[in-house]
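Novice: Structure: run.txt, compact mmCIF, C-alpha atoms.
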# COMPACT_ATOMS: atom_id res chain seq x y z
CA MET A 1 129.55 -116.71 -187.78
CA GLU A 2 126.06 -115.70 -186.61
CA SER A 3 124.48 -118.77 -188.19
CA GLY A 4 126.87 -120.97 -186.21
CA LEU A 5 125.88 -119.34 -182.87
CA VAL A 6 122.20 -119.69 -183.64
CA ALA A 7 122.77 -123.34 -184.42
CA SER A 8 124.29 -123.87 -180.96
CA HIS A 9 121.06 -122.74 -179.28
CA ARG A 10 119.14 -125.17 -181.44
CA LEU A 11 121.48 -127.96 -180.30
CA ARG A 12 122.60 -128.77 -183.82
CA VAL A 13 126.02 -130.20 -184.72
CA PRO A 14 128.19 -127.66 -186.58
CA PRO A 15 128.89 -128.41 -190.26
CA PRO A 16 132.12 -130.26 -191.17
CA SER A 17 133.48 -127.16 -192.92
CA ALA A 18 133.55 -125.11 -189.69
CA SER A 19 137.01 -124.16 -188.42
CA ALA A 20 138.46 -125.44 -185.11
CA GLY A 21 138.07 -122.02 -183.47
CA HIS A 22 134.52 -121.73 -184.66
CA HIS A 23 133.72 -125.23 -183.29
CA HIS A 24 135.30 -124.38 -179.89
CA LEU A 25 133.23 -121.18 -179.62
CA ILE A 26 130.02 -123.09 -180.29
CA ARG A 27 130.81 -125.71 -177.60
CA HIS A 28 131.76 -123.01 -175.10
CA ARG A 29 128.52 -121.08 -175.73
CA HIS A 30 126.46 -124.27 -175.36
CA ALA A 31 128.18 -125.26 -172.06
CA HIS A 32 127.16 -122.01 -170.37
CA ALA A 33 123.62 -121.79 -171.72
CA PRO A 34 121.12 -121.65 -168.81
CA VAL A 35 118.73 -124.58 -168.46
CA ALA A 36 115.26 -123.81 -167.06
CA ALA A 37 113.62 -126.53 -164.95
CA ALA A 38 110.06 -127.14 -166.08
CA PRO A 39 107.55 -127.41 -163.20
CA LEU A 40 106.10 -130.89 -162.63
CA ARG A 41 102.34 -130.80 -162.92
CA LEU A 42 99.75 -133.53 -162.77
CA SER A 43 97.25 -132.98 -165.56
CA LEU A 44 94.40 -135.38 -166.20
CA PRO A 45 92.54 -135.47 -169.51
CA ARG A 46 88.99 -134.29 -169.11
CA HIS A 47 87.64 -137.17 -171.13
CA LEU A 48 88.71 -139.71 -168.49
CA PRO A 49 85.79 -141.07 -166.45
CA ARG A 50 85.70 -139.99 -162.82
CA SER A 51 86.10 -143.57 -161.63
CA THR A 52 89.33 -144.44 -163.47
CA PRO A 53 92.24 -145.63 -161.29
CA LEU A 54 94.42 -142.76 -162.56
CA ARG A 55 91.91 -140.09 -161.55
CA LEU A 56 91.23 -141.71 -158.19
CA ALA A 57 94.96 -141.92 -157.48
CA ALA A 58 95.36 -138.25 -158.36
CA LEU A 59 92.50 -137.26 -156.08
CA ARG A 60 94.00 -139.23 -153.20
CA ALA A 61 97.37 -137.56 -153.77
CA ALA A 62 95.74 -134.12 -153.74
CA ARG A 63 93.81 -134.82 -150.56
CA ALA A 64 94.65 -132.48 -147.68
CA VAL A 65 97.14 -133.88 -145.19
CA LYS A 66 96.60 -133.05 -141.53
CA GLU A 67 99.75 -131.56 -140.01
CA THR A 68 98.59 -131.09 -136.42
CA THR A 69 95.58 -131.76 -134.22
CA GLY A 70 95.98 -128.48 -132.35
CA ILE A 71 95.75 -130.45 -129.09
CA VAL A 72 98.83 -130.74 -126.89
CA GLY A 73 99.97 -134.35 -126.60
CA LEU A 74 97.65 -135.64 -129.31
CA GLU A 75 99.71 -136.62 -132.33
CA VAL A 76 98.39 -136.92 -135.87
CA VAL A 77 97.57 -140.48 -136.97
CA PRO A 78 98.19 -140.68 -140.74
CA ASN A 79 96.20 -143.91 -141.15
CA ALA A 80 93.42 -142.94 -138.74
CA ARG A 81 90.66 -144.41 -140.91
CA GLU A 82 92.24 -147.87 -140.96
CA VAL A 83 92.92 -147.69 -137.21
CA LEU A 84 89.30 -146.74 -136.49
CA VAL A 85 87.94 -149.55 -138.66
CA GLY A 86 90.09 -152.06 -136.78
CA LEU A 87 89.08 -150.69 -133.36
CA TYR A 88 85.36 -150.64 -134.18
CA GLU A 89 85.41 -154.18 -135.56
CA ARG A 90 87.21 -155.35 -132.43
CA THR A 91 84.69 -153.51 -130.23
CA LEU A 92 81.72 -155.18 -131.92
CA LYS A 93 83.42 -158.53 -131.43
CA GLU A 94 84.31 -158.11 -127.75
CA ILE A 95 80.98 -156.57 -126.71
CA LYS A 96 79.34 -159.92 -127.51
CA ALA A 97 80.67 -161.17 -124.16
CA VAL A 98 78.09 -158.89 -122.51
CA PRO A 99 74.57 -160.38 -122.21
CA GLU A 100 72.54 -159.63 -125.32
CA ASP A 101 69.62 -158.08 -123.42
CA GLU A 102 71.78 -155.57 -121.54
CA GLY A 103 71.35 -151.89 -122.38
CA TYR A 104 75.10 -151.26 -122.33
CA ARG A 105 75.67 -153.77 -125.11
CA LYS A 106 72.81 -152.36 -127.17
CA ALA A 107 74.17 -148.82 -126.83
CA VAL A 108 77.74 -149.82 -127.72
CA GLU A 109 76.62 -151.85 -130.72
CA SER A 110 74.43 -148.98 -131.92
CA PHE A 111 76.95 -146.13 -131.98
CA THR A 112 79.94 -148.33 -132.84
CA GLY A 113 78.16 -149.86 -135.81
CA HIS A 114 77.12 -146.39 -136.97
CA ARG A 115 80.69 -145.07 -136.82
CA LEU A 116 82.11 -148.17 -138.48
CA GLN A 117 79.71 -147.72 -141.39
CA ILE A 118 80.84 -144.11 -141.86
CA CYS A 119 84.51 -145.12 -141.84
CA GLN A 120 83.80 -147.79 -144.45
CA GLU A 121 81.92 -145.34 -146.67
CA GLU A 122 84.39 -142.44 -146.41
CA GLU A 123 88.12 -142.44 -147.13
CA ASP A 124 88.82 -138.81 -146.28
CA TRP A 125 89.52 -138.15 -142.58
CA LYS A 126 87.77 -134.77 -142.78
CA ARG A 127 84.57 -136.35 -144.07
CA ILE A 128 84.71 -138.91 -141.25
CA GLU A 129 85.06 -136.15 -138.66
CA ASP A 130 82.22 -134.13 -140.15
CA ARG A 131 79.79 -137.04 -140.38
CA ILE A 132 80.46 -138.48 -136.93
CA GLY A 133 80.58 -135.03 -135.33
CA CYS A 134 82.37 -136.08 -132.15
CA GLY A 135 85.81 -134.55 -132.55
CA GLN A 136 88.89 -135.34 -134.59
CA VAL A 137 89.74 -138.82 -135.80
CA GLU A 138 92.61 -138.94 -133.32
CA GLU A 139 90.14 -138.25 -130.50
CA LEU A 140 87.84 -140.94 -131.87
CA ILE A 141 90.74 -143.39 -131.73
CA GLU A 142 91.39 -142.61 -128.07
CA GLU A 143 87.68 -142.92 -127.32
CA ALA A 144 87.48 -146.30 -129.05
CA GLU A 145 90.52 -147.54 -127.14
CA ASP A 146 88.95 -146.41 -123.86
CA GLU A 147 85.70 -148.18 -124.77
CA LEU A 148 87.60 -151.44 -125.25
CA LYS A 149 89.16 -151.02 -121.80
CA LEU A 150 85.73 -150.32 -120.32
CA ILE A 151 84.24 -153.42 -121.95
CA ALA A 152 86.92 -155.55 -120.31
CA LYS A 153 86.19 -153.93 -116.93
CA MET A 154 82.44 -154.33 -117.33
CA ILE A 155 82.88 -158.02 -118.04
CA GLU A 156 85.08 -158.30 -114.94
CA TRP A 157 82.72 -156.33 -112.68
CA ASP A 158 79.56 -158.03 -113.97
CA PRO A 159 77.21 -155.16 -113.03
CA TRP A 160 74.23 -156.88 -114.66
CA GLY A 161 74.50 -159.68 -112.11
CA VAL A 162 73.38 -157.44 -109.21
CA PRO A 163 70.50 -158.98 -107.23
CA ASP A 164 67.15 -157.19 -107.21
CA ASP A 165 67.31 -156.44 -103.49
CA TYR A 166 70.72 -154.78 -103.66
CA GLU A 167 70.92 -151.42 -101.89
CA CYS A 168 73.50 -148.82 -102.81
CA GLU A 169 74.66 -145.83 -100.78
CA VAL A 170 74.83 -142.41 -102.40
CA ILE A 171 77.24 -139.87 -100.90
CA GLU A 172 76.85 -136.21 -101.85
CA ASP A 173 79.52 -133.61 -101.14
CA ASP A 174 78.24 -130.03 -101.18
CA THR A 175 81.59 -128.46 -100.32
CA PRO A 176 81.96 -125.25 -102.36
CA ILE A 177 84.65 -125.29 -105.02
CA PRO A 178 87.37 -122.62 -104.56
CA LYS A 179 87.44 -119.95 -107.23
CA HIS A 180 90.99 -120.78 -108.33
CA VAL A 181 90.01 -124.37 -109.16
CA PRO A 182 88.94 -124.67 -112.82
CA GLN A 183 85.53 -126.19 -113.43
CA HIS A 184 85.28 -128.28 -116.56
CA ARG A 185 81.92 -127.72 -118.17
CA PRO A 186 80.78 -130.64 -120.31
CA VAL A 187 80.13 -129.97 -123.97
CA ALA A 188 76.79 -130.67 -125.61
CA LEU A 189 76.13 -134.35 -126.16
CA PRO A 190 76.02 -135.53 -129.80
CA GLU A 191 72.72 -136.46 -131.39
CA GLU A 192 73.73 -140.11 -131.70
CA PHE A 193 73.95 -140.33 -127.90
CA PHE A 194 70.27 -139.51 -127.58
CA LYS A 195 69.45 -142.00 -130.32
CA ALA A 196 71.28 -144.70 -128.39
CA LEU A 197 69.52 -143.60 -125.20
CA ASP A 198 66.13 -143.87 -126.89
CA ALA A 199 67.05 -147.35 -128.10
CA VAL A 200 67.87 -148.36 -124.53
CA LYS A 201 64.64 -146.85 -123.20
CA SER A 202 62.59 -148.71 -125.79
CA ASP A 203 64.16 -152.05 -124.84
CA PRO A 204 61.26 -154.28 -123.66
CA ALA A 205 63.58 -156.11 -121.30
CA LEU A 206 64.05 -152.90 -119.28
CA GLN A 207 60.43 -151.78 -119.14
CA GLY A 208 59.49 -153.81 -116.07
CA ASP A 209 62.64 -153.15 -114.04
CA ALA A 210 62.12 -151.55 -110.65
CA PRO A 211 64.16 -148.41 -109.86
CA PRO A 212 67.25 -148.98 -107.69
CA GLN A 213 66.77 -148.60 -103.95
CA VAL A 214 68.72 -145.80 -102.35
CA LYS A 215 69.94 -146.21 -98.80
CA ALA A 216 69.26 -143.12 -96.68
How does this structure look as structure tokens?

Specialist:
Amino acid sequence: MESGLVASHRLRVPPPSASAGHHHLIRHRHAHAPVAAAPLRLSLPRHLPRSTPLRLAALRAARAVKETTGIVGLEVVPNAREVLVGLYERTLKEIKAVPEDEGYRKAVESFTGHRLQICQEEEDWKRIEDRIGCGQVEELIEEAEDELKLIAKMIEWDPWGVPDDYECEVIEDDTPIPKHVPQHRPVALPEEFFKALDAVKSDPALQGDAPPQVKA
């Protein structure tokens, strides 16, 4: 009798000589035996090269997923890298409508090309944020979209077509700001801004320009 019960745990068929009652007891014991679910784990052999498709796929699957930006109203963009690449490529294409010798075009091409290169080199959104150093990828997307809008406006306004004798009026308002009104202090400018500024300053086309005249 004991050998028959042990056989049921080993999932063996009872011998033909077993009685009907004995066979029923074995089936009943087997039907109520608990089944433990084995955890699903992804294990890669150590001998696989680091560049195999299987290992790369596993690394992508294990990559951290951003759940929130921590900024109210700014939703997470799961494919932020692809969106940024598309926006930067479009920016470099549309900025060509601006005269080639204009400082604005040089600055936009400089920092946009730099960011596009980072997005092409990195696949992880965290690495992109760390290397660019100008906020989260979702913020970079909004900034790139705003830059495209500004390019369209700059082309419409044509500020580089201002005559040399143009005079502009500067209005200053020294009215004190009430204490209950929040004052937004600007954050420190990124290093790439100063690099772009130096590139503009070193532009030979701008060296001989006279300073704008201010109307008193």

Novice: Of the candidates A:Val162, A:Ala80, A:Ala107, A:Ala188, which shows the shortest atom-to-atom distance to Gly133 in chain A, using all atoms listed in the file?

Specialist: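 For Gly133 in chain A, the nearest of the given residues is A:Ala188.
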
Novice: Fewer than 2 positions away in the same chain doesn't count, so skip those; otherwise give me all residues within 8 Å of Val137 in chain A, counting only C-alpha atoms, as a PyMOL selection string.

Specialist: chain A and resi 80-81+84+125+128-129+135+139-141

Novice: Counting only C-alpha atoms, which residue out of A:Val65, A:Gly161, A:Gly70, A:Lys195 sits closest to Phe111 in chain A?

Specialist: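 The closest residue to Phe111 in chain A is A:Lys195.
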
Novice: Using all atoms listed in the file, can you tell me which of A:Ile132, A:Ala152, A:Lys106, A:Glu172 comes closest to Pro190 in chain A?

Specialist: A:Ile132

Novice: Name all residues at most 12 Å from Asp203 in chain A (count only C-alpha atoms; drop same-chain ones fewer than 5 positions away) and give them as a PyMOL selection string.

Specialist: chain A and resi 100-107+196-198+208-209

Novice: Can you tell me how far CA of Asn79 in chain A sits from CA of Glu191 in chain A, in Å to one decimal?

Specialist: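 CA of Glu191 in chain A lies at a distance of 26.5 Å from CA of Asn79 in chain A.
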
Novice: Out of A:Val108, A:Val77, A:Cys119, A:Ile171, which residue has the shortest atom-to-atom distance to Lys96 in chain A when counting all atoms listed in the file?

Specialist: A:Val108
